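The data block below is start_17.cif; it holds mmCIF, C-alpha atoms, pLDDT in the B column; chains and numbers go by the auth columns.
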```
data_data
loop_
_atom_site.group_PDB
_atom_site.id
_atom_site.type_symbol
_atom_site.label_atom_id
_atom_site.label_comp_id
_atom_site.label_asym_id
_atom_site.label_seq_id
_atom_site.Cartn_x
_atom_site.Cartn_y
_atom_site.Cartn_z
_atom_site.B_iso_or_equiv
_atom_site.auth_seq_id
_atom_site.auth_asym_id
ATOM 1 C CA MET A 1 0.000 0.000 0.000 42.00 1 A
ATOM 2 C CA ALA A 2 2.886 2.372 0.685 50.00 2 A
ATOM 3 C CA GLY A 3 4.080 2.162 -2.906 59.00 3 A
ATOM 4 C CA ARG A 4 0.649 3.030 -4.227 64.00 4 A
ATOM 5 C CA SER A 5 0.265 6.149 -2.065 67.00 5 A
ATOM 6 C CA GLY A 6 3.787 7.218 -3.064 70.00 6 A
ATOM 7 C CA LYS A 7 2.786 7.102 -6.732 77.00 7 A
ATOM 8 C CA LYS A 8 -0.324 9.173 -6.021 80.00 8 A
ATOM 9 C CA ALA A 9 1.779 11.723 -4.168 84.00 9 A
ATOM 10 C CA ASP A 10 4.249 11.853 -7.064 89.00 10 A
ATOM 11 C CA ILE A 11 1.421 12.568 -9.506 91.00 11 A
ATOM 12 C CA LEU A 12 0.198 15.376 -7.259 93.00 12 A
ATOM 13 C CA TYR A 13 3.733 16.768 -6.942 93.00 13 A
ATOM 14 C CA ALA A 14 4.148 16.672 -10.724 93.00 14 A
ATOM 15 C CA LEU A 15 0.789 18.397 -11.213 93.00 15 A
ATOM 16 C CA CYS A 16 1.729 21.208 -8.816 94.00 16 A
ATOM 17 C CA LEU A 17 5.174 21.480 -10.374 94.00 17 A
ATOM 18 C CA SER A 18 3.566 21.806 -13.814 95.00 18 A
ATOM 19 C CA ILE A 19 1.642 24.837 -12.578 95.00 19 A
ATOM 20 C CA ILE A 20 4.898 26.363 -11.348 95.00 20 A
ATOM 21 C CA PHE A 21 6.538 25.646 -14.708 95.00 21 A
ATOM 22 C CA ALA A 22 3.637 27.292 -16.534 93.00 22 A
ATOM 23 C CA ILE A 23 4.090 30.378 -14.364 94.00 23 A
ATOM 24 C CA ILE A 24 7.825 30.358 -15.145 94.00 24 A
ATOM 25 C CA ASP A 25 7.155 30.074 -18.888 93.00 25 A
ATOM 26 C CA TYR A 26 4.696 32.941 -18.908 90.00 26 A
ATOM 27 C CA ALA A 27 6.940 35.075 -16.698 94.00 27 A
ATOM 28 C CA ALA A 28 9.650 34.511 -19.303 94.00 28 A
ATOM 29 C CA LEU A 29 7.148 35.571 -21.955 92.00 29 A
ATOM 30 C CA ALA A 30 6.271 38.756 -20.089 93.00 30 A
ATOM 31 C CA LEU A 31 9.913 39.652 -19.500 95.00 31 A
ATOM 32 C CA LEU A 32 11.396 38.716 -22.874 94.00 32 A
ATOM 33 C CA VAL A 33 8.815 39.604 -25.514 91.00 33 A
ATOM 34 C CA GLU A 34 9.759 43.297 -25.737 93.00 34 A
ATOM 35 C CA PRO A 35 13.571 42.844 -25.715 94.00 35 A
ATOM 36 C CA LEU A 36 13.341 40.063 -28.300 92.00 36 A
ATOM 37 C CA SER A 37 11.276 42.189 -30.652 90.00 37 A
ATOM 38 C CA ARG A 38 13.969 44.871 -30.474 93.00 38 A
ATOM 39 C CA ILE A 39 16.930 42.489 -30.765 93.00 39 A
ATOM 40 C CA MET A 40 15.432 40.226 -33.440 91.00 40 A
ATOM 41 C CA PRO A 41 13.067 42.279 -35.601 91.00 41 A
ATOM 42 C CA ILE A 42 11.369 39.985 -38.114 90.00 42 A
ATOM 43 C CA GLU A 43 9.028 41.452 -40.739 90.00 43 A
ATOM 44 C CA ASN A 44 6.694 38.494 -41.202 91.00 44 A
ATOM 45 C CA ALA A 45 4.360 38.506 -38.168 88.00 45 A
ATOM 46 C CA VAL A 46 3.661 34.769 -38.137 87.00 46 A
ATOM 47 C CA PHE A 47 7.323 33.832 -38.472 91.00 47 A
ATOM 48 C CA SER A 48 8.235 36.468 -35.870 90.00 48 A
ATOM 49 C CA ASN A 49 5.739 35.036 -33.368 89.00 49 A
ATOM 50 C CA ILE A 50 6.977 31.490 -33.917 90.00 50 A
ATOM 51 C CA VAL A 51 10.665 32.405 -33.574 92.00 51 A
ATOM 52 C CA HIS A 52 10.151 34.627 -30.547 93.00 52 A
ATOM 53 C CA MET A 53 7.932 32.093 -28.774 93.00 53 A
ATOM 54 C CA SER A 54 10.492 29.376 -29.474 94.00 54 A
ATOM 55 C CA VAL A 55 13.311 31.403 -27.924 95.00 55 A
ATOM 56 C CA ILE A 56 11.163 32.391 -24.950 95.00 56 A
ATOM 57 C CA SER A 57 10.047 28.774 -24.480 95.00 57 A
ATOM 58 C CA VAL A 58 13.619 27.509 -24.457 95.00 58 A
ATOM 59 C CA VAL A 59 14.582 30.106 -21.828 95.00 59 A
ATOM 60 C CA GLY A 60 11.537 29.305 -19.666 95.00 60 A
ATOM 61 C CA THR A 61 12.087 25.563 -19.966 95.00 61 A
ATOM 62 C CA LEU A 62 15.762 25.845 -19.053 94.00 62 A
ATOM 63 C CA PHE A 63 14.807 27.829 -15.950 94.00 63 A
ATOM 64 C CA GLY A 64 12.241 25.150 -15.152 93.00 64 A
ATOM 65 C CA CYS A 65 14.839 22.434 -15.631 92.00 65 A
ATOM 66 C CA LEU A 66 16.879 23.985 -12.840 92.00 66 A
ATOM 67 C CA ALA A 67 14.475 21.981 -10.675 91.00 67 A
ATOM 68 C CA PHE A 68 16.522 18.886 -11.556 91.00 68 A
ATOM 69 C CA GLY A 69 18.998 20.182 -8.985 89.00 69 A
ATOM 70 C CA ALA A 70 16.298 20.583 -6.328 89.00 70 A
ATOM 71 C CA PHE A 71 15.094 16.989 -6.433 85.00 71 A
ATOM 72 C CA LYS A 72 17.708 14.568 -5.166 79.00 72 A
ATOM 73 C CA GLU A 73 15.797 11.311 -5.349 84.00 73 A
ATOM 74 C CA ARG A 74 12.868 12.265 -7.612 89.00 74 A
ATOM 75 C CA LYS A 75 14.403 13.849 -10.679 90.00 75 A
ATOM 76 C CA TYR A 76 11.696 12.167 -12.772 91.00 76 A
ATOM 77 C CA LEU A 77 9.182 14.709 -11.422 92.00 77 A
ATOM 78 C CA VAL A 78 10.525 17.420 -13.744 94.00 78 A
ATOM 79 C CA PRO A 79 9.709 15.698 -17.067 94.00 79 A
ATOM 80 C CA HIS A 80 6.505 14.295 -15.575 94.00 80 A
ATOM 81 C CA ALA A 81 5.464 17.840 -14.686 95.00 81 A
ATOM 82 C CA TYR A 82 6.048 18.962 -18.270 95.00 82 A
ATOM 83 C CA SER A 83 3.957 15.958 -19.352 95.00 83 A
ATOM 84 C CA PHE A 84 0.926 17.695 -17.815 95.00 84 A
ATOM 85 C CA PHE A 85 1.271 20.582 -20.288 95.00 85 A
ATOM 86 C CA PRO A 86 -0.707 18.825 -23.062 95.00 86 A
ATOM 87 C CA ALA A 87 -3.550 18.362 -20.574 95.00 87 A
ATOM 88 C CA TRP A 88 -3.522 22.106 -19.812 94.00 88 A
ATOM 89 C CA VAL A 89 -3.625 22.835 -23.547 95.00 89 A
ATOM 90 C CA ALA A 90 -6.563 20.455 -23.987 96.00 90 A
ATOM 91 C CA VAL A 91 -8.411 22.164 -21.121 95.00 91 A
ATOM 92 C CA CYS A 92 -7.868 25.534 -22.800 94.00 92 A
ATOM 93 C CA TYR A 93 -9.233 24.249 -26.117 96.00 93 A
ATOM 94 C CA LEU A 94 -12.243 22.677 -24.392 96.00 94 A
ATOM 95 C CA TYR A 95 -12.927 25.944 -22.629 96.00 95 A
ATOM 96 C CA VAL A 96 -12.875 27.760 -25.963 96.00 96 A
ATOM 97 C CA LEU A 97 -15.097 25.137 -27.557 95.00 97 A
ATOM 98 C CA PHE A 98 -17.786 25.301 -24.889 96.00 98 A
ATOM 99 C CA ASN A 99 -17.572 28.831 -23.452 95.00 99 A
ATOM 100 C CA VAL A 100 -16.544 31.224 -26.204 94.00 100 A
ATOM 101 C CA GLU A 101 -18.926 32.719 -28.730 95.00 101 A
ATOM 102 C CA PRO A 102 -18.795 30.960 -32.124 93.00 102 A
ATOM 103 C CA ASP A 103 -17.566 34.031 -33.995 95.00 103 A
ATOM 104 C CA GLN A 104 -14.626 34.420 -31.579 95.00 104 A
ATOM 105 C CA ARG A 105 -13.563 30.769 -31.370 95.00 105 A
ATOM 106 C CA SER A 106 -11.069 30.875 -34.227 94.00 106 A
ATOM 107 C CA PHE A 107 -9.270 33.860 -32.708 94.00 107 A
ATOM 108 C CA ALA A 108 -9.208 32.244 -29.265 94.00 108 A
ATOM 109 C CA ALA A 109 -7.991 28.920 -30.665 93.00 109 A
ATOM 110 C CA GLY A 110 -5.228 30.696 -32.575 91.00 110 A
ATOM 111 C CA PHE A 111 -4.228 32.581 -29.451 90.00 111 A
ATOM 112 C CA ILE A 112 -4.076 29.348 -27.453 92.00 112 A
ATOM 113 C CA SER A 113 -2.130 27.643 -30.213 90.00 113 A
ATOM 114 C CA LEU A 114 0.440 30.418 -30.344 87.00 114 A
ATOM 115 C CA TYR A 115 0.993 30.745 -26.614 89.00 115 A
ATOM 116 C CA THR A 116 0.680 27.135 -25.436 91.00 116 A
ATOM 117 C CA LEU A 117 1.748 24.692 -28.147 92.00 117 A
ATOM 118 C CA ILE A 118 5.329 25.897 -28.548 92.00 118 A
ATOM 119 C CA PRO A 119 6.028 25.979 -24.767 92.00 119 A
ATOM 120 C CA THR A 120 4.440 22.540 -24.429 94.00 120 A
ATOM 121 C CA LEU A 121 6.550 20.947 -27.151 94.00 121 A
ATOM 122 C CA THR A 122 9.705 22.710 -25.997 95.00 122 A
ATOM 123 C CA GLY A 123 9.152 21.715 -22.382 94.00 123 A
ATOM 124 C CA LEU A 124 8.534 18.099 -23.278 95.00 124 A
ATOM 125 C CA LEU A 125 11.513 17.811 -25.605 96.00 125 A
ATOM 126 C CA ILE A 126 14.054 19.541 -23.379 95.00 126 A
ATOM 127 C CA SER A 127 12.989 18.089 -20.015 95.00 127 A
ATOM 128 C CA TRP A 128 12.662 14.523 -21.250 95.00 128 A
ATOM 129 C CA GLY A 129 15.871 14.880 -23.249 94.00 129 A
ATOM 130 C CA ILE A 130 17.832 16.013 -20.195 93.00 130 A
ATOM 131 C CA TYR A 131 16.265 13.387 -17.971 93.00 131 A
ATOM 132 C CA LEU A 132 16.790 10.468 -20.339 93.00 132 A
ATOM 133 C CA ARG A 133 20.314 11.484 -21.290 90.00 133 A
ATOM 134 C CA LYS A 134 21.680 12.514 -17.919 86.00 134 A
ATOM 135 C CA TYR A 135 19.623 11.070 -15.089 80.00 135 A
ATOM 136 C CA ARG A 136 17.956 7.945 -16.383 74.00 136 A
ATOM 137 C CA SER A 137 21.258 6.127 -16.806 66.00 137 A
ATOM 138 C CA ALA A 138 22.342 7.212 -13.293 61.00 138 A
ATOM 139 C CA SER A 139 19.229 5.695 -11.652 56.00 139 A
#
```
Could you render the structure as structure tokens?
Amino acid sequence: MAGRSGKKADILYALCLSIIFAIIDYAALALLVEPLSRIMPIENAVFSNIVHMSVISVVGTLFGCLAFGAFKERKYLVPHAYSFFPAWVAVCYLYVLFNVEPDQRSFAAGFISLYTLIPTLTGLLISWGIYLRKYRSAS
């Protein structure tokens, strides 16, 4: 029974850590969007948004991955926390589907796609890459 409650606690820890990582990612967005637009001016708006969000997502994810140093025994919590990001994205899309007026859904879905998909993919790739390369073999 002790092993089962430990797994439930780990899921809860990963869920809470995913909320912290989302806050870190969006703090990075708030702090870096203006300097990036000055440093890397790109004419095409779509390409500019994709490039800037990618850079911001990498910075936010690397700050989030500093948590690998905070967890001595449970380093797996970091990539598991980033694994909750697709669930947050799905919740956002479901909210738009059921609670936003039909004429505004495409704008809201595009907004969610721009500001959640790139951080989700970046977080998953970087955190799982670091974990599998560096810590999985050490376990």
Residues within 7 Å of region 19-32 of chain A, all atoms listed in the file, excluding chain neighbours under 6 positions, as number ranges by chain: A: 56-57, 60-61, 64
Proximity to Cys92 (chain A) - best of A:Gly110, A:Pro41, A:Gly129, A:Gly123, only C-alpha atoms: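 Smallest distance to Cys92 (chain A) is found for A:Gly110.
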Using all atoms listed in the file: which of A:Thr116, A:Ser18, A:Gln104, A:Ser83 has the shortest distance to Met53 (chain A):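 Selected residue with least distance to Met53 (chain A): A:Thr116.
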Selection under test: the PyMOL selection byres ((chain A and resi 76-80) around 9); residues as a ChimeraX atom specification: /A:10-11,13-15,17-18,64-65,67-68,71,73-75,81-84,123-131,135-136
CA of Asp103 (chain A) to CA of Ala45 (chain A), distance in Å rounded to a single decimal: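 Result for CA of Asp103 (chain A) versus CA of Ala45 (chain A): 22.8 Å, one decimal.
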Straight-line distance linking CA of Leu66 (chain A) with CA of Ser54 (chain A), stated in Å to one decimal: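 Computing the Euclidean distance for CA of Leu66 (chain A) and CA of Ser54 (chain A) yields 18.6 Å.
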Top pick for closest residue to Leu97 (chain A), considering A:Ile112, A:Ile118, A:Leu36, A:Ala70 and counting all atoms listed in the file: A:Ile112
